[in-house]
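Okay, so here's the structure we're looking at.
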Amino acid sequence: MAEIISAATAIQFFKSGQTLMIGGFLGCGSPQLVIDELLKTDLGNWTLIANDTSTPESDRGKLIVAHKIKKALVSHIGTNPQTVAQMNRGELEVELIPQGTLAERVRAGGAGLGGVLTPVGLNTDVAKGKPIIQVDGQDFLLEKPLKADVALVYATYADKYGNLSFYGSTRNFNAIMPLAAQTVIAEVDKLSETPLDPNHIVVPGIFIDYLVVRGR
Amino acid sequence: MAEIISAATAIQFFKSGQTLMIGGFLGCGSPQLVIDELLKTDLGNWTLIANDTSTPESDRGKLIVAHKIKKALVSHIGTNPQTVAQMNRGELEVELIPQGTLAERVRAGGAGLGGVLTPVGLNTDVAKGKPIIQVDGQDFLLEKPLKADVALVYATYADKYGNLSFYGSTRNFNAIMPLAAQTVIAEVDKLSETPLDPNHIVVPGIFIDYLVVRGR
Amino acid sequence: MELSKEQTQEIIARRVAQEFHHGDVVTLGIGLPTKAVQYLPPDVKIVVQSENGVLGVGDYPDENSADARIINAGGTMVTLSEGGCFMDSFMAFAMMRGGHIDITVLGALQVDAEGNLANWCIPGKFTPGMGGAMDLVVGTKKLIVAMEHTAKGAPKIVQKCTLPLTVAHKVNMIITEKGGFEIRPDGLYLTEISPYSSLEDIRQTTDADFQIDIK
Amino acid sequence: MELSKEQTQEIIARRVAQEFHHGDVVTLGIGLPTKAVQYLPPDVKIVVQSENGVLGVGDYPDENSADARIINAGGTMVTLSEGGCFMDSFMAFAMMRGGHIDITVLGALQVDAEGNLANWCIPGKFTPGMGGAMDLVVGTKKLIVAMEHTAKGAPKIVQKCTLPLTVAHKVNMIITEKGGFEIRPDGLYLTEISPYSSLEDIRQTTDADFQIDIK
């Protein structure tokens with residue numbers, strides 16, 4: 001059973017220096033309310049694991065602008081000039097990760113696997129410093145699992161058990177990050193009075209600790 | 001767009017000696033019609049990848065009884081005494097695979113990964129002959145991807161685009177095998193006249209080549 | 001006192017039930033471990049995961065609600081508890097291996113003083129396969145072996161397993177009709193003696209060294 | 001003849017569209033590659049996958065159907081074609097890497113005679129990140145680079161990429177406003193000369209050795 005809390009209350013689960021996973025693809029399927037509350041605090045110094053750093057005006061992008069991120073593990077920063085600028089000035093460490101590899105690494109962390117063996121990034125800068133494992137004569141990069149202290153995700157629908165489902169292309173990393181974090185907070189558009197259809201649940205409720213409901 | 005065919009027509013996609021993936025957990029979510037048609041042919045000598053060999057009277061179990069399987073990669077054979085007997089007589093080669101590892105190996109095959117790094121099976125017979133990869137000081141077994149010539153799966157609902165969804169616990173391996181086979185046949189309870197809800201599709205239609213509809 | 005098979009199993013199942021806390025997510029082996037949920041106190045609700053893709057296994061169905069599309073890992077028709085969900089095998093095992101299960105209860109052919117467990121194969125005699133057992137034990141936060149103390153009089157708690165292992169160094173607790181054991185870093189401890197047994201009885205039917213730390 | 005940027009892009013997009021066969025599952029890079037779908041013959045229907053979790057990207061929405069919860073990988077609102085579906089990033093990339101995409105069309109900063117592609121980083125100047133590009137190229141059955149032939153007059157088809165690679169030895173075909181190339185086991189072949197160019201023009205604006213095999 002997930003606990004329903006306010007965005008302001010949610011900040012108690014964050015500490016400076018933690019590793020955070022935040023869902024969303026640009027602004028789509030991105031949690032916002034809790035981020036806005038985090039911006040009011042002097043917490044920071046976080047490692048961010050996310051698909052991208054969004055735009056300076058939106059969700060994860062605002063955390064960059066506010067200098068709350070010390071390191072970002074993301075696949076794309078091109079839509080946030082602030083990320084690029086802070087990186088170039090040496091204020092922000094950025095590890096660029098191919099998007100599919102990022103998804104696999106998060107899921108490996110959440111699923112108790114030792115890593116990912118992927119052909120993506122072979123013979124490119126991405127392979128630098130990483131072990132290459134041969135399987136049946138073919139090379140694969142060994143990419144390590146990722147985990148986080150807190151995952152902050154979005155969902156379109158939730159029920160009081162914490163079960164989540166999604167509308168449209170909002171699912172992205174929101175569906176896998178809840179497996180890989182110690183504490184999981186889901187920001188949802190709509191809390192259903194009745195349990196969600198058990199055949200259509202994307203994230204089982206046991207992964208979700210807290211629900212923040214939009215418009216409340 | 002998946003082609004809708006009869007169970008009898010489906011046998012043309014099978015050849016002796018192929019590797020077959022067949023979905024289902026015991027009798028639950030197990031394709032049946034196409035198996036009954038295969039039993040009428042003299043095709044066989046197959047390698048079977050499946051969760052289990054079911055019971056002698058049901059689905060995959062009947063293929064064992066008919067001596068059509070030369071090798072089975074499965075997690076469990078205890079419900080089919082015929083499998084055990086044929087194995088003990090040396091007529092059937094059985095590779096017992098931890099169920100979660102089997103799921104990961106099938107998905108790795110379907111997702112273009114080089115293998116799976118799992119802690120499951122370490123220090124047991126399952127580890128024999130398999131490479132151990134150390135990641136951050138922890139040991140993991142390297143388990144190889146699995147692929148098949150034909151995957152035969154079940155789904156509760158389909159639409160003409162081949163999109164699949166499931167009811168109850170019928171999902172099991174049916175949701176991942178379609179990614180890992182050259183030709184994919186889905187046996188479904190109900191073909192929807194209208195497209196399935198795009199937010200509730202478990203197996204996207206592009207993975208499905210042929211649909212066999214029950215009760216037609 | 002001579003216990004019937006049924007009584008023996010009930011004693012074990014009742015004791016196992018006391019290990020569950022409200023909200024725990026648990027996986028239960030086929031047979032005896034599954035029976036433990038019958039003896040939960042009314043205020044303790046747990047979420048039972050079944051490896052075939054059910055989270056929130058409920059009661060057994062009556063004739064009207066029985067549906068062959070909803071089974072547990074033993075192939076028995078079950079119902080889904082409110083708030084539960086279905087999933088594929090891929091997610092079911094991610095849940096186990098990834099450390100999202102609080103307690104796993106399994107039976108054993110043998111369990112030893114080092115926390116090794118053997119429950120899937122007697123070479124040449126009985127090889128049903130491990131099914132999900134090897135995955136079930138790896139990620140769980142607490143692994144309890146629940147079994148009859150002996151098999152046809154022979155001890156099942158041994159100094160070192162001789163049968164093929166399911167998992168090495170992972171068992172936390174053993175519950176039998178005779179008592180309870182914990183596997184600690186420095187070895188096996190007898191922590192409970194059942195009213196149906198005695199220290200002497202346990203010594204005679206246990207083929208492993210153990211220390212005593214009755215709670 | 002001097003082509004406007006718009007004309008150049010249309011020429012390329014129209015030529016790319018001819019590579020698609022009915023039923024193909026395709027992934028398209030942001031920008032120019034995405035435009036190719038506008039020029040499909042009416043009898044050719046393809047399924048466009050977008051890495052952010054859309055299979056069956058449809059037309060752009062009108063005011064009434066626009067929904068910020070349905071975007072493509074460029075962040076633009078789109079619609080879903082009939083028969084399409086949504087999925088998570090994990091499935092979206094399994095689809096690519098697993099060899100389930102027929103054709104991938106991407107832009108390039110550089111592409112070379114060995115089939116190497118660079119499109120995600122100009123060190124010190126421009127590092128948007130690879131996003132999904134490295135995954136998009138790995139599993140696809142056919143990789144087409146679609147781009148303007150030169151950048152500010154400088155050749156983008158080179159003997160050997162100097163920029164950080166997106167993928168090595170994987171490009172099958174290059175389409176520009178000046179012509180078409182194939183990368184074959186024995187090197188780069190010019191296979192088409194556009195009506196807006198000439199062999200002489202292509203030689204002058206291509207910084208790689210190529211053989212000629214006009215179809």
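We name chains A, B, ... following the order of the structure tokens; residues begin at 1 in each chain, and ligands are numbered from 1 as shown.
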
Q: Please identify all polymer residues within 9 Å of B:Leu43, counting only C-alpha atoms, omitting same-chain residues fewer than 3 positions from it, and present them as a count of residues only.
A: 9

Can I get the residues of chain D within 10 Å of chain B, each with the closest pair of atoms and their distance in Å to one decimal, using only C-alpha atoms, sorted chain first then ascending number, as a Markdown table?
```
| residue | atom | partner | partner_atom | distance |
| --- | --- | --- | --- | --- |
| D:Gly23 | CA | B:Met1 | CA | 7.5 |
| D:Asp24 | CA | B:Ile206 | CA | 9.4 |
| D:Val25 | CA | B:Ile206 | CA | 7.7 |
| D:Val47 | CA | B:Ile206 | CA | 8.7 |
| D:Val54 | CA | B:Pro198 | CA | 9.5 |
| D:Leu55 | CA | B:Pro204 | CA | 7.9 |
| D:Gly56 | CA | B:Ile206 | CA | 10.0 |
| D:Leu80 | CA | B:Pro198 | CA | 8.6 |
| D:Ser81 | CA | B:Pro198 | CA | 9.8 |
| D:Glu82 | CA | B:Pro195 | CA | 7.0 |
| D:Gly83 | CA | B:Pro195 | CA | 5.6 |
| D:Gly84 | CA | B:Pro198 | CA | 6.2 |
| D:Cys85 | CA | B:Pro198 | CA | 4.1 |
| D:Phe86 | CA | B:Asn199 | CA | 5.7 |
| D:Met87 | CA | B:Asn199 | CA | 7.8 |
| D:Phe90 | CA | B:Ala111 | CA | 9.5 |
| D:Met91 | CA | B:Ala111 | CA | 8.4 |
| D:Ala92 | CA | B:Ala111 | CA | 9.8 |
| D:Phe93 | CA | B:Ala111 | CA | 7.7 |
| D:Ala94 | CA | B:Ala111 | CA | 4.2 |
| D:Met95 | CA | B:Ala111 | CA | 6.4 |
| D:Met96 | CA | B:Ala111 | CA | 7.7 |
| D:Arg97 | CA | B:Gly112 | CA | 4.9 |
| D:Gly98 | CA | B:Gly112 | CA | 3.9 |
| D:Gly99 | CA | B:Gly112 | CA | 6.9 |
| D:His100 | CA | B:Phe207 | CA | 7.7 |
| D:Ile101 | CA | B:Ile206 | CA | 9.3 |
| D:Val138 | CA | B:Gly112 | CA | 9.0 |
| D:Gly139 | CA | B:Gly112 | CA | 7.2 |
```

Q: Restrict the distance test to only C-alpha atoms, flag each residue of chain B within 9 Å of chain A, and return the flagged residues as a VMD selection string.
A: chain B and resid 112 to 119 133 to 136 138 to 141 144 165 to 169 198 to 202

**Q.** For atom CA of D:Val145 and atom CA of D:Thr127, the interatomic separation in Å (one decimal)
**A.** 19.6 Å

Least-squares align chain D to chain C using all Cα atoms paired by position, then dump the moved coordinates as an mmCIF file with C-alpha atoms, in the first residue's frame.
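Result went into superposed32.cif, see below:
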```
data_model
loop_
_atom_site.group_PDB
_atom_site.id
_atom_site.type_symbol
_atom_site.label_atom_id
_atom_site.label_comp_id
_atom_site.auth_asym_id
_atom_site.auth_seq_id
_atom_site.Cartn_x
_atom_site.Cartn_y
_atom_site.Cartn_z
ATOM 1 C CA MET D 1 3.440 -37.977 21.062
ATOM 2 C CA GLU D 2 3.138 -39.176 17.488
ATOM 3 C CA LEU D 3 2.093 -36.455 15.036
ATOM 4 C CA SER D 4 0.173 -37.214 11.870
ATOM 5 C CA LYS D 5 1.532 -35.809 8.601
ATOM 6 C CA GLU D 6 -1.296 -33.308 8.665
ATOM 7 C CA GLN D 7 -0.564 -32.201 12.220
ATOM 8 C CA THR D 8 3.147 -31.921 11.462
ATOM 9 C CA GLN D 9 2.491 -29.694 8.492
ATOM 10 C CA GLU D 10 0.074 -27.522 10.436
ATOM 11 C CA ILE D 11 2.585 -26.991 13.235
ATOM 12 C CA ILE D 12 5.203 -25.882 10.737
ATOM 13 C CA ALA D 13 2.833 -23.706 8.734
ATOM 14 C CA ARG D 14 1.569 -21.964 11.884
ATOM 15 C CA ARG D 15 5.102 -21.188 12.982
ATOM 16 C CA VAL D 16 6.081 -19.897 9.546
ATOM 17 C CA ALA D 17 3.065 -17.580 9.588
ATOM 18 C CA GLN D 18 4.504 -15.790 12.628
ATOM 19 C CA GLU D 19 7.473 -14.644 10.564
ATOM 20 C CA PHE D 20 5.336 -12.493 8.285
ATOM 21 C CA HIS D 21 4.842 -8.815 8.973
ATOM 22 C CA HIS D 22 2.030 -6.681 7.654
ATOM 23 C CA GLY D 23 2.841 -5.549 4.124
ATOM 24 C CA ASP D 24 5.535 -8.132 3.454
ATOM 25 C CA VAL D 25 5.947 -9.330 -0.107
ATOM 26 C CA VAL D 26 6.562 -13.064 0.055
ATOM 27 C CA THR D 27 7.201 -15.991 -2.223
ATOM 28 C CA LEU D 28 6.223 -19.457 -1.103
ATOM 29 C CA GLY D 29 7.328 -22.837 -2.404
ATOM 30 C CA ILE D 30 4.753 -25.312 -3.589
ATOM 31 C CA GLY D 31 3.189 -27.489 -0.864
ATOM 32 C CA LEU D 32 3.839 -26.855 2.813
ATOM 33 C CA PRO D 33 5.161 -23.269 2.516
ATOM 34 C CA THR D 34 1.984 -22.239 0.701
ATOM 35 C CA LYS D 35 -0.104 -23.401 3.679
ATOM 36 C CA ALA D 36 1.408 -20.748 5.961
ATOM 37 C CA VAL D 37 -0.923 -18.042 4.690
ATOM 38 C CA GLN D 38 -3.873 -19.902 6.229
ATOM 39 C CA TYR D 39 -2.567 -19.091 9.688
ATOM 40 C CA LEU D 40 -1.913 -15.388 9.401
ATOM 41 C CA PRO D 41 -3.351 -13.226 12.180
ATOM 42 C CA PRO D 42 -6.303 -11.221 10.798
ATOM 43 C CA ASP D 43 -4.453 -7.908 11.077
ATOM 44 C CA VAL D 44 -1.481 -9.119 9.049
ATOM 45 C CA LYS D 45 -1.935 -8.792 5.302
ATOM 46 C CA ILE D 46 0.858 -9.933 3.067
ATOM 47 C CA VAL D 47 1.341 -9.881 -0.691
ATOM 48 C CA VAL D 48 2.092 -13.307 -2.122
ATOM 49 C CA GLN D 49 4.013 -13.374 -5.372
ATOM 50 C CA SER D 50 3.860 -16.413 -7.595
ATOM 51 C CA GLU D 51 6.662 -16.908 -10.125
ATOM 52 C CA ASN D 52 4.269 -17.626 -12.968
ATOM 53 C CA GLY D 53 3.245 -13.989 -12.959
ATOM 54 C CA VAL D 54 0.821 -13.264 -10.138
ATOM 55 C CA LEU D 55 1.411 -10.584 -7.527
ATOM 56 C CA GLY D 56 -1.199 -10.774 -4.811
ATOM 57 C CA VAL D 57 -2.265 -14.408 -4.872
ATOM 58 C CA GLY D 58 -5.634 -14.635 -3.125
ATOM 59 C CA ASP D 59 -7.803 -17.417 -1.791
ATOM 60 C CA TYR D 60 -8.656 -20.507 -3.733
ATOM 61 C CA PRO D 61 -11.677 -19.889 -5.954
ATOM 62 C CA ASP D 62 -15.088 -21.441 -5.481
ATOM 63 C CA GLU D 63 -16.731 -23.214 -8.384
ATOM 64 C CA ASN D 64 -18.109 -19.999 -9.809
ATOM 65 C CA SER D 65 -14.949 -17.956 -9.742
ATOM 66 C CA ALA D 66 -12.536 -20.678 -10.838
ATOM 67 C CA ASP D 67 -10.670 -19.624 -13.985
ATOM 68 C CA ALA D 68 -7.949 -21.747 -15.561
ATOM 69 C CA ARG D 69 -6.275 -18.546 -16.732
ATOM 70 C CA ILE D 70 -5.376 -17.638 -13.139
ATOM 71 C CA ILE D 71 -3.111 -20.207 -11.509
ATOM 72 C CA ASN D 72 -0.246 -20.280 -9.050
ATOM 73 C CA ALA D 73 3.153 -21.819 -9.721
ATOM 74 C CA GLY D 74 1.868 -25.207 -8.625
ATOM 75 C CA GLY D 75 -0.726 -25.143 -11.382
ATOM 76 C CA THR D 76 -3.590 -24.706 -8.913
ATOM 77 C CA MET D 77 -6.328 -22.234 -9.737
ATOM 78 C CA VAL D 78 -6.267 -19.219 -7.452
ATOM 79 C CA THR D 79 -7.855 -15.792 -7.248
ATOM 80 C CA LEU D 80 -6.217 -12.397 -7.265
ATOM 81 C CA SER D 81 -6.317 -10.228 -4.150
ATOM 82 C CA GLU D 82 -7.563 -6.665 -4.450
ATOM 83 C CA GLY D 83 -4.663 -4.475 -5.539
ATOM 84 C CA GLY D 84 -2.784 -7.346 -7.132
ATOM 85 C CA CYS D 85 -1.655 -7.612 -10.695
ATOM 86 C CA PHE D 86 -0.464 -9.970 -13.372
ATOM 87 C CA MET D 87 2.891 -9.821 -15.104
ATOM 88 C CA ASP D 88 5.149 -11.810 -17.403
ATOM 89 C CA SER D 89 7.887 -14.205 -16.278
ATOM 90 C CA PHE D 90 10.510 -11.617 -17.098
ATOM 91 C CA MET D 91 9.114 -9.148 -14.557
ATOM 92 C CA ALA D 92 8.290 -11.878 -12.026
ATOM 93 C CA PHE D 93 11.920 -12.891 -11.794
ATOM 94 C CA ALA D 94 13.284 -9.346 -11.911
ATOM 95 C CA MET D 95 11.224 -8.853 -8.776
ATOM 96 C CA MET D 96 12.890 -11.779 -7.039
ATOM 97 C CA ARG D 97 16.455 -11.373 -8.183
ATOM 98 C CA GLY D 98 16.321 -7.605 -7.732
ATOM 99 C CA GLY D 99 15.742 -7.819 -3.992
ATOM 100 C CA HIS D 100 12.096 -6.841 -3.966
ATOM 101 C CA ILE D 101 10.866 -9.865 -1.994
ATOM 102 C CA ASP D 102 10.902 -9.640 1.802
ATOM 103 C CA ILE D 103 10.600 -13.303 2.707
ATOM 104 C CA THR D 104 10.898 -16.532 0.762
ATOM 105 C CA VAL D 105 9.781 -19.820 2.268
ATOM 106 C CA LEU D 106 10.831 -23.045 0.582
ATOM 107 C CA GLY D 107 10.917 -26.716 1.350
ATOM 108 C CA ALA D 108 14.165 -28.683 1.252
ATOM 109 C CA LEU D 109 15.572 -32.099 0.582
ATOM 110 C CA GLN D 110 18.594 -31.058 2.631
ATOM 111 C CA VAL D 111 19.724 -27.906 4.349
ATOM 112 C CA ASP D 112 23.051 -27.549 6.088
ATOM 113 C CA ALA D 113 24.873 -25.746 8.868
ATOM 114 C CA GLU D 114 26.405 -23.297 6.374
ATOM 115 C CA GLY D 115 23.063 -22.190 5.010
ATOM 116 C CA ASN D 116 23.285 -24.263 1.855
ATOM 117 C CA LEU D 117 20.019 -25.546 0.442
ATOM 118 C CA ALA D 118 19.299 -28.546 -1.786
ATOM 119 C CA ASN D 119 15.753 -28.950 -3.038
ATOM 120 C CA TRP D 120 15.639 -29.729 -6.736
ATOM 121 C CA CYS D 121 17.437 -32.957 -7.495
ATOM 122 C CA ILE D 122 18.318 -36.374 -6.157
ATOM 123 C CA PRO D 123 20.719 -37.570 -8.846
ATOM 124 C CA GLY D 124 19.501 -40.658 -10.649
ATOM 125 C CA LYS D 125 16.267 -40.732 -8.685
ATOM 126 C CA PHE D 126 14.354 -37.509 -8.800
ATOM 127 C CA THR D 127 15.040 -34.540 -11.055
ATOM 128 C CA PRO D 128 11.964 -32.392 -11.428
ATOM 129 C CA GLY D 129 14.155 -29.387 -12.189
ATOM 130 C CA MET D 130 14.696 -26.231 -10.227
ATOM 131 C CA GLY D 131 11.827 -24.317 -11.800
ATOM 132 C CA GLY D 132 11.994 -20.915 -10.180
ATOM 133 C CA ALA D 133 13.602 -22.108 -6.939
ATOM 134 C CA MET D 134 17.136 -20.911 -7.700
ATOM 135 C CA ASP D 135 15.897 -17.438 -8.576
ATOM 136 C CA LEU D 136 13.483 -17.325 -5.645
ATOM 137 C CA VAL D 137 16.314 -17.719 -3.164
ATOM 138 C CA VAL D 138 18.899 -15.366 -4.626
ATOM 139 C CA GLY D 139 17.450 -11.918 -4.120
ATOM 140 C CA THR D 140 15.154 -12.436 -1.168
ATOM 141 C CA LYS D 141 15.836 -10.506 2.035
ATOM 142 C CA LYS D 142 15.089 -13.519 4.233
ATOM 143 C CA LEU D 143 15.157 -17.165 3.249
ATOM 144 C CA ILE D 144 13.271 -19.600 5.463
ATOM 145 C CA VAL D 145 13.378 -23.323 4.938
ATOM 146 C CA ALA D 146 10.151 -24.903 6.172
ATOM 147 C CA MET D 147 10.101 -28.696 6.175
ATOM 148 C CA GLU D 148 9.506 -31.804 8.156
ATOM 149 C CA HIS D 149 12.506 -32.426 10.364
ATOM 150 C CA THR D 150 13.295 -35.820 8.856
ATOM 151 C CA ALA D 151 12.435 -37.802 5.746
ATOM 152 C CA LYS D 152 11.504 -41.397 6.554
ATOM 153 C CA GLY D 153 13.477 -41.005 9.769
ATOM 154 C CA ALA D 154 16.612 -39.660 8.081
ATOM 155 C CA PRO D 155 17.832 -36.194 9.078
ATOM 156 C CA LYS D 156 17.378 -33.417 6.534
ATOM 157 C CA ILE D 157 19.425 -30.888 8.493
ATOM 158 C CA VAL D 158 22.986 -31.942 7.818
ATOM 159 C CA GLN D 159 26.522 -30.714 8.389
ATOM 160 C CA LYS D 160 27.125 -30.348 4.671
ATOM 161 C CA CYS D 161 24.667 -30.951 1.839
ATOM 162 C CA THR D 162 25.477 -33.954 -0.330
ATOM 163 C CA LEU D 163 22.742 -33.306 -2.893
ATOM 164 C CA PRO D 164 23.121 -30.745 -5.712
ATOM 165 C CA LEU D 165 22.651 -27.276 -4.286
ATOM 166 C CA THR D 166 19.883 -24.845 -5.048
ATOM 167 C CA VAL D 167 21.849 -22.020 -3.472
ATOM 168 C CA ALA D 168 24.966 -21.653 -1.324
ATOM 169 C CA HIS D 169 25.196 -19.780 1.993
ATOM 170 C CA LYS D 170 21.828 -18.140 1.796
ATOM 171 C CA VAL D 171 19.385 -19.806 4.222
ATOM 172 C CA ASN D 172 18.623 -17.616 7.247
ATOM 173 C CA MET D 173 16.232 -19.799 9.185
ATOM 174 C CA ILE D 174 14.929 -23.356 9.374
ATOM 175 C CA ILE D 175 11.494 -24.187 10.751
ATOM 176 C CA THR D 176 10.438 -27.784 11.408
ATOM 177 C CA GLU D 177 7.853 -29.423 13.635
ATOM 178 C CA LYS D 178 10.590 -29.980 16.204
ATOM 179 C CA GLY D 179 12.017 -26.482 16.430
ATOM 180 C CA GLY D 180 13.631 -23.487 14.845
ATOM 181 C CA PHE D 181 17.203 -22.802 13.758
ATOM 182 C CA GLU D 182 19.053 -19.757 12.597
ATOM 183 C CA ILE D 183 22.116 -19.789 10.393
ATOM 184 C CA ARG D 184 24.474 -17.136 11.730
ATOM 185 C CA PRO D 185 27.942 -16.114 10.551
ATOM 186 C CA ASP D 186 29.485 -18.512 13.079
ATOM 187 C CA GLY D 187 27.245 -21.454 12.347
ATOM 188 C CA LEU D 188 23.941 -23.115 13.104
ATOM 189 C CA TYR D 189 21.957 -22.148 16.193
ATOM 190 C CA LEU D 190 18.967 -23.901 17.675
ATOM 191 C CA THR D 191 16.737 -21.018 18.724
ATOM 192 C CA GLU D 192 13.413 -22.726 19.446
ATOM 193 C CA ILE D 193 12.274 -26.106 20.694
ATOM 194 C CA SER D 194 8.724 -27.012 19.802
ATOM 195 C CA PRO D 195 6.370 -28.313 22.496
ATOM 196 C CA TYR D 196 6.221 -31.495 20.413
ATOM 197 C CA SER D 197 9.942 -32.145 20.736
ATOM 198 C CA SER D 198 12.895 -31.873 23.094
ATOM 199 C CA LEU D 199 16.544 -30.976 22.901
ATOM 200 C CA GLU D 200 17.374 -34.664 23.120
ATOM 201 C CA ASP D 201 14.992 -35.513 20.262
ATOM 202 C CA ILE D 202 16.418 -32.702 18.121
ATOM 203 C CA ARG D 203 19.995 -33.819 18.771
ATOM 204 C CA GLN D 204 19.103 -37.345 17.685
ATOM 205 C CA THR D 205 17.373 -36.274 14.477
ATOM 206 C CA THR D 206 19.737 -33.532 13.352
ATOM 207 C CA ASP D 207 22.902 -34.475 11.518
ATOM 208 C CA ALA D 208 24.709 -31.187 12.076
ATOM 209 C CA ASP D 209 26.573 -29.464 14.860
ATOM 210 C CA PHE D 210 24.638 -26.620 16.381
ATOM 211 C CA GLN D 211 24.913 -24.195 19.232
ATOM 212 C CA ILE D 212 21.961 -23.387 21.431
ATOM 213 C CA ASP D 213 20.481 -19.946 21.884
ATOM 214 C CA ILE D 214 16.853 -20.447 22.844
ATOM 215 C CA LYS D 215 14.950 -17.171 22.585
#
```

Q.
Please report the interatomic distance between atom CA of A:Leu26 and atom CA of A:Ala2 in Å with one decimal.
A. 26.8 Å

Q. Which neighbours of B:Asp189 fall inside 12 Å, counting only C-alpha atoms, when residues of the same chain fewer than 3 positions from it are skipped, and could you give them as a ChimeraX atom specification?
A. /B:29-33,153-159,164-167,170,186,192,211-216 /C:69

Write the residues of the selection above to a file with N, CA and C atoms, as a compact mmCIF listing (two decimals), in the first residue's frame.
```
# COMPACT_ATOMS: atom_id res chain seq x y z
N GLY B 29 -1.98 -20.46 -20.46
CA GLY B 29 -1.40 -19.63 -21.52
C GLY B 29 -0.58 -20.44 -22.50
N SER B 30 -1.02 -21.67 -22.74
CA SER B 30 -0.27 -22.54 -23.65
C SER B 30 -1.01 -22.69 -24.97
N PRO B 31 -0.31 -22.49 -26.09
CA PRO B 31 -0.94 -22.75 -27.38
C PRO B 31 -1.24 -24.24 -27.52
N GLN B 32 -2.32 -24.58 -28.19
CA GLN B 32 -2.73 -25.98 -28.27
C GLN B 32 -3.08 -26.42 -29.68
N LEU B 33 -3.82 -25.59 -30.40
CA LEU B 33 -4.34 -26.01 -31.71
C LEU B 33 -3.22 -26.36 -32.68
N VAL B 153 3.22 -18.93 -29.55
CA VAL B 153 2.79 -18.38 -28.27
C VAL B 153 1.26 -18.28 -28.21
N TYR B 154 0.78 -18.03 -27.02
CA TYR B 154 -0.64 -17.81 -26.78
C TYR B 154 -0.87 -16.36 -26.43
N ALA B 155 -2.04 -15.84 -26.78
CA ALA B 155 -2.48 -14.56 -26.22
C ALA B 155 -3.99 -14.62 -26.05
N THR B 156 -4.49 -13.84 -25.13
CA THR B 156 -5.94 -13.81 -24.93
C THR B 156 -6.62 -12.96 -25.99
N TYR B 157 -6.03 -11.79 -26.26
CA TYR B 157 -6.61 -10.87 -27.23
C TYR B 157 -5.58 -10.49 -28.29
N ALA B 158 -6.06 -10.33 -29.52
CA ALA B 158 -5.21 -9.82 -30.59
C ALA B 158 -6.05 -8.91 -31.47
N ASP B 159 -5.36 -8.04 -32.22
CA ASP B 159 -6.07 -7.34 -33.29
C ASP B 159 -5.39 -7.71 -34.60
N LEU B 164 -0.86 -7.93 -29.19
CA LEU B 164 -1.36 -8.94 -28.25
C LEU B 164 -1.53 -8.36 -26.84
N SER B 165 -2.56 -8.88 -26.16
CA SER B 165 -2.65 -8.62 -24.72
C SER B 165 -3.19 -9.86 -24.02
N PHE B 166 -3.13 -9.85 -22.71
CA PHE B 166 -3.34 -11.08 -21.94
C PHE B 166 -4.31 -10.90 -20.80
N TYR B 167 -4.92 -12.01 -20.42
CA TYR B 167 -5.77 -12.02 -19.24
C TYR B 167 -5.16 -12.96 -18.21
N THR B 170 -1.72 -15.77 -17.88
CA THR B 170 -1.39 -16.43 -19.15
C THR B 170 -0.19 -15.78 -19.85
N ALA B 186 1.05 -16.66 -33.16
CA ALA B 186 0.31 -16.49 -31.90
C ALA B 186 -1.06 -17.13 -32.03
N SER B 192 -9.91 -9.17 -31.87
CA SER B 192 -10.74 -7.97 -31.74
C SER B 192 -10.99 -7.35 -33.11
N LEU B 211 -1.44 -15.17 -37.00
CA LEU B 211 -2.41 -15.34 -35.91
C LEU B 211 -3.29 -16.55 -36.21
N VAL B 212 -3.42 -17.43 -35.23
CA VAL B 212 -4.38 -18.52 -35.31
C VAL B 212 -5.44 -18.22 -34.26
N VAL B 213 -6.68 -18.11 -34.70
CA VAL B 213 -7.75 -17.71 -33.78
C VAL B 213 -8.54 -18.93 -33.34
N ARG B 214 -8.64 -19.12 -32.04
CA ARG B 214 -9.38 -20.26 -31.50
C ARG B 214 -10.88 -20.12 -31.80
N GLY B 215 -11.55 -21.27 -31.99
CA GLY B 215 -12.99 -21.25 -32.18
C GLY B 215 -13.40 -20.83 -33.57
N ARG B 216 -12.45 -20.85 -34.49
CA ARG B 216 -12.81 -20.53 -35.87
C ARG B 216 -12.74 -21.79 -36.72
N ARG C 69 -7.26 -19.51 -16.30
CA ARG C 69 -6.27 -18.53 -16.74
C ARG C 69 -5.60 -17.84 -15.56
```
